[in-house]
Amino acid sequence: KMHHAKEKTRKKLKTQIVRIQGNAGVSPLNLFITPGTVVVWLNDYRISPVEVKFPDKKVTMACQSPVNFSISKDGTYVSNSIPYGGVASLCFIEPGTFKYVIERARPQMDEIKGNPFRFEGQIVVKKQ
């Protein structure tokens with residue numbers, strides 16, 4: 001019986017949820033995952049749609065079908081605008097450190113007054 005349970009876990013899809021809670025922050029900001037893990041960004045921020053960007057190392061390969069991400073002109077994944085209650089997900093297969101930034105899709109008045117909404121995190125993909 002024990003052996004059977006172990007078999008099942010290995011085949012299970014690995015998913016990590018990153019909650020964007022507006023000014024209350026993003027949790028978790030930093031993830032340590034293995035290739036084949038799906039990272040889901042959940043926008044729990046009522047004020048504004050948000051976007052996920054990768055400023056340095058870009059994501060060029062993903063497994064399965066990314067949700068709410070498009071491939072930009074340079075062949076890398078960029079998120080679309082994620083509405084309140086919406087998600088964007090990407091399955092990471094390349095090892096490496098992917099720094100990401102979460103920003104509002106549309107600047108708000110307070111942002112223009114110098115209160116930017118910006119969170120920086122990273123996803124570290126380590127070979128098993």
# chains A, B, ... in the order shown; residues from 1 in each chain; ligands from 1
call {"tool": "residues_around", "arguments": {"residues": "A:Val40", "least_positions_apart": "5", "cutoff": "8 Å", "atoms": "only C-alpha atoms", "output": "ChimeraX atom specification"}}
result
/A:15-18,87-90
call {"tool": "closest_atom_pairs", "arguments": {"of": "stretch 44-106 of chain A", "to": "stretch 116-124 of chain A", "cutoff": "6 Å", "atoms": "only C-alpha atoms", "output": "JSON lines"}}
result
{"residue": "A:Gly96", "atom": "CA", "partner": "A:Val124", "partner_atom": "CA", "distance": 5.8}
{"residue": "A:Thr97", "atom": "CA", "partner": "A:Val124", "partner_atom": "CA", "distance": 4.4}
{"residue": "A:Phe98", "atom": "CA", "partner": "A:Ile123", "partner_atom": "CA", "distance": 5.1}
{"residue": "A:Lys99", "atom": "CA", "partner": "A:Gln122", "partner_atom": "CA", "distance": 4.1}
{"residue": "A:Tyr100", "atom": "CA", "partner": "A:Gly121", "partner_atom": "CA", "distance": 5.4}
{"residue": "A:Val101", "atom": "CA", "partner": "A:Glu120", "partner_atom": "CA", "distance": 4.5}
{"residue": "A:Ile102", "atom": "CA", "partner": "A:Phe119", "partner_atom": "CA", "distance": 5.1}
{"residue": "A:Glu103", "atom": "CA", "partner": "A:Arg118", "partner_atom": "CA", "distance": 4.8}
call {"tool": "write_last_selection", "arguments": {"atoms": "C-alpha atoms", "output": "PDB file, in the first residue's frame"}}
result
ATOM      1  CA  GLY A  96      18.115  28.903 -13.596  1.00  0.00           C
ATOM      2  CA  THR A  97      17.064  31.974 -11.646  1.00  0.00           C
ATOM      3  CA  PHE A  98      14.204  33.943 -13.141  1.00  0.00           C
ATOM      4  CA  LYS A  99      13.715  37.332 -11.510  1.00  0.00           C
ATOM      5  CA  TYR A 100      10.228  38.717 -11.997  1.00  0.00           C
ATOM      6  CA  VAL A 101       8.454  41.986 -11.358  1.00  0.00           C
ATOM      7  CA  ILE A 102       4.763  42.497 -10.589  1.00  0.00           C
ATOM      8  CA  GLU A 103       3.361  45.877 -11.551  1.00  0.00           C
TER       9      GLU A 103
END
call {"tool": "residues_around", "arguments": {"residues": "A:Thr76", "least_positions_apart": "4", "cutoff": "8 Å", "atoms": "only C-alpha atoms", "output": "PyMOL selection string"}}
result
chain A and resi 58-61+71-72
call {"tool": "closest_residue", "arguments": {"among": "A:Val125, A:Val52, A:Ile82, A:Ala24", "to": "A:Val38", "atoms": "only C-alpha atoms"}}
result
A:Val125
call {"tool": "closest_residue", "arguments": {"among": "A:Lys113, A:Lys127, A:Arg46, A:Arg104", "to": "A:Phe92", "atoms": "only C-alpha atoms"}}
result
A:Lys127
call {"tool": "closest_residue", "arguments": {"among": "A:Ala105, A:Val78, A:Val26, A:Ile93", "to": "A:Lys14", "atoms": "only C-alpha atoms"}}
result
A:Ile93
call {"tool": "decode", "arguments": {"residues": "stretch 89-113 of chain A", "atoms": "N, CA, C and O atoms", "output": "PDB file, in the first residue's frame"}}
result
ATOM      1  N   SER A  89      -0.484  31.589 -15.438  1.00  0.00           N
ATOM      2  CA  SER A  89       0.391  30.497 -15.006  1.00  0.00           C
ATOM      3  C   SER A  89       1.378  30.117 -16.095  1.00  0.00           C
ATOM      4  O   SER A  89       1.110  30.260 -17.276  1.00  0.00           O
ATOM      5  N   LEU A  90       2.525  29.648 -15.628  1.00  0.00           N
ATOM      6  CA  LEU A  90       3.626  29.287 -16.505  1.00  0.00           C
ATOM      7  C   LEU A  90       4.316  28.077 -15.890  1.00  0.00           C
ATOM      8  O   LEU A  90       4.570  28.057 -14.685  1.00  0.00           O
ATOM      9  N   CYS A  91       4.602  27.106 -16.726  1.00  0.00           N
ATOM     10  CA  CYS A  91       5.281  25.892 -16.259  1.00  0.00           C
ATOM     11  C   CYS A  91       6.760  26.019 -16.591  1.00  0.00           C
ATOM     12  O   CYS A  91       7.121  26.190 -17.756  1.00  0.00           O
ATOM     13  N   PHE A  92       7.606  25.984 -15.573  1.00  0.00           N
ATOM     14  CA  PHE A  92       9.044  26.196 -15.773  1.00  0.00           C
ATOM     15  C   PHE A  92       9.766  24.884 -16.048  1.00  0.00           C
ATOM     16  O   PHE A  92       9.596  23.918 -15.314  1.00  0.00           O
ATOM     17  N   ILE A  93      10.584  24.860 -17.115  1.00  0.00           N
ATOM     18  CA  ILE A  93      11.357  23.651 -17.382  1.00  0.00           C
ATOM     19  C   ILE A  93      12.854  23.920 -17.453  1.00  0.00           C
ATOM     20  O   ILE A  93      13.645  23.024 -17.279  1.00  0.00           O
ATOM     21  N   GLU A  94      13.233  25.176 -17.697  1.00  0.00           N
ATOM     22  CA  GLU A  94      14.662  25.482 -17.779  1.00  0.00           C
ATOM     23  C   GLU A  94      15.213  25.783 -16.394  1.00  0.00           C
ATOM     24  O   GLU A  94      14.656  26.626 -15.692  1.00  0.00           O
ATOM     25  N   PRO A  95      16.323  25.147 -16.016  1.00  0.00           N
ATOM     26  CA  PRO A  95      16.944  25.484 -14.735  1.00  0.00           C
ATOM     27  C   PRO A  95      17.498  26.907 -14.794  1.00  0.00           C
ATOM     28  O   PRO A  95      17.832  27.394 -15.869  1.00  0.00           O
ATOM     29  N   GLY A  96      17.572  27.553 -13.658  1.00  0.00           N
ATOM     30  CA  GLY A  96      18.115  28.903 -13.596  1.00  0.00           C
ATOM     31  C   GLY A  96      17.331  29.764 -12.629  1.00  0.00           C
ATOM     32  O   GLY A  96      16.385  29.309 -11.998  1.00  0.00           O
ATOM     33  N   THR A  97      17.741  31.022 -12.517  1.00  0.00           N
ATOM     34  CA  THR A  97      17.064  31.974 -11.646  1.00  0.00           C
ATOM     35  C   THR A  97      16.330  32.976 -12.520  1.00  0.00           C
ATOM     36  O   THR A  97      16.952  33.649 -13.340  1.00  0.00           O
ATOM     37  N   PHE A  98      15.040  33.026 -12.363  1.00  0.00           N
ATOM     38  CA  PHE A  98      14.204  33.943 -13.141  1.00  0.00           C
ATOM     39  C   PHE A  98      13.672  35.015 -12.206  1.00  0.00           C
ATOM     40  O   PHE A  98      12.812  34.739 -11.382  1.00  0.00           O
ATOM     41  N   LYS A  99      14.226  36.222 -12.325  1.00  0.00           N
ATOM     42  CA  LYS A  99      13.715  37.332 -11.510  1.00  0.00           C
ATOM     43  C   LYS A  99      12.452  37.824 -12.192  1.00  0.00           C
ATOM     44  O   LYS A  99      12.393  37.884 -13.415  1.00  0.00           O
ATOM     45  N   TYR A 100      11.449  38.184 -11.395  1.00  0.00           N
ATOM     46  CA  TYR A 100      10.228  38.717 -11.997  1.00  0.00           C
ATOM     47  C   TYR A 100       9.766  39.944 -11.233  1.00  0.00           C
ATOM     48  O   TYR A 100      10.132  40.157 -10.080  1.00  0.00           O
ATOM     49  N   VAL A 101       8.980  40.752 -11.926  1.00  0.00           N
ATOM     50  CA  VAL A 101       8.454  41.986 -11.358  1.00  0.00           C
ATOM     51  C   VAL A 101       6.947  41.966 -11.533  1.00  0.00           C
ATOM     52  O   VAL A 101       6.453  41.584 -12.599  1.00  0.00           O
ATOM     53  N   ILE A 102       6.216  42.368 -10.488  1.00  0.00           N
ATOM     54  CA  ILE A 102       4.763  42.497 -10.589  1.00  0.00           C
ATOM     55  C   ILE A 102       4.444  43.980 -10.516  1.00  0.00           C
ATOM     56  O   ILE A 102       4.884  44.668  -9.586  1.00  0.00           O
ATOM     57  N   GLU A 103       3.745  44.473 -11.522  1.00  0.00           N
ATOM     58  CA  GLU A 103       3.361  45.877 -11.551  1.00  0.00           C
ATOM     59  C   GLU A 103       1.896  45.988 -11.942  1.00  0.00           C
ATOM     60  O   GLU A 103       1.331  45.047 -12.491  1.00  0.00           O
ATOM     61  N   ARG A 104       1.315  47.141 -11.697  1.00  0.00           N
ATOM     62  CA  ARG A 104      -0.053  47.370 -12.157  1.00  0.00           C
ATOM     63  C   ARG A 104      -0.053  47.440 -13.676  1.00  0.00           C
ATOM     64  O   ARG A 104       0.868  47.991 -14.280  1.00  0.00           O
ATOM     65  N   ALA A 105      -1.089  46.917 -14.266  1.00  0.00           N
ATOM     66  CA  ALA A 105      -1.202  46.965 -15.714  1.00  0.00           C
ATOM     67  C   ALA A 105      -1.464  48.403 -16.172  1.00  0.00           C
ATOM     68  O   ALA A 105      -1.031  48.811 -17.237  1.00  0.00           O
ATOM     69  N   ARG A 106      -2.184  49.137 -15.352  1.00  0.00           N
ATOM     70  CA  ARG A 106      -2.445  50.552 -15.666  1.00  0.00           C
ATOM     71  C   ARG A 106      -2.099  51.377 -14.436  1.00  0.00           C
ATOM     72  O   ARG A 106      -2.605  51.101 -13.355  1.00  0.00           O
ATOM     73  N   PRO A 107      -1.228  52.379 -14.603  1.00  0.00           N
ATOM     74  CA  PRO A 107      -0.866  53.199 -13.438  1.00  0.00           C
ATOM     75  C   PRO A 107      -2.092  53.885 -12.853  1.00  0.00           C
ATOM     76  O   PRO A 107      -2.977  54.308 -13.583  1.00  0.00           O
ATOM     77  N   GLN A 108      -2.128  53.960 -11.528  1.00  0.00           N
ATOM     78  CA  GLN A 108      -3.223  54.648 -10.842  1.00  0.00           C
ATOM     79  C   GLN A 108      -2.751  56.049 -10.480  1.00  0.00           C
ATOM     80  O   GLN A 108      -1.569  56.351 -10.570  1.00  0.00           O
ATOM     81  N   MET A 109      -3.682  56.850 -10.031  1.00  0.00           N
ATOM     82  CA  MET A 109      -3.352  58.221  -9.639  1.00  0.00           C
ATOM     83  C   MET A 109      -2.237  58.270  -8.589  1.00  0.00           C
ATOM     84  O   MET A 109      -1.313  59.053  -8.708  1.00  0.00           O
ATOM     85  N   ASP A 110      -2.319  57.423  -7.561  1.00  0.00           N
ATOM     86  CA  ASP A 110      -1.311  57.488  -6.488  1.00  0.00           C
ATOM     87  C   ASP A 110       0.073  57.101  -7.008  1.00  0.00           C
ATOM     88  O   ASP A 110       1.085  57.509  -6.465  1.00  0.00           O
ATOM     89  N   GLU A 111       0.098  56.326  -8.084  1.00  0.00           N
ATOM     90  CA  GLU A 111       1.374  55.924  -8.653  1.00  0.00           C
ATOM     91  C   GLU A 111       2.029  57.122  -9.330  1.00  0.00           C
ATOM     92  O   GLU A 111       3.236  57.331  -9.250  1.00  0.00           O
ATOM     93  N   ILE A 112       1.211  57.912 -10.002  1.00  0.00           N
ATOM     94  CA  ILE A 112       1.706  59.112 -10.661  1.00  0.00           C
ATOM     95  C   ILE A 112       2.246  60.067  -9.593  1.00  0.00           C
ATOM     96  O   ILE A 112       3.214  60.773  -9.811  1.00  0.00           O
ATOM     97  N   LYS A 113       1.648  60.020  -8.405  1.00  0.00           N
ATOM     98  CA  LYS A 113       2.114  60.878  -7.296  1.00  0.00           C
ATOM     99  C   LYS A 113       3.319  60.262  -6.584  1.00  0.00           C
ATOM    100  O   LYS A 113       3.689  60.703  -5.503  1.00  0.00           O
TER     101      LYS A 113
END
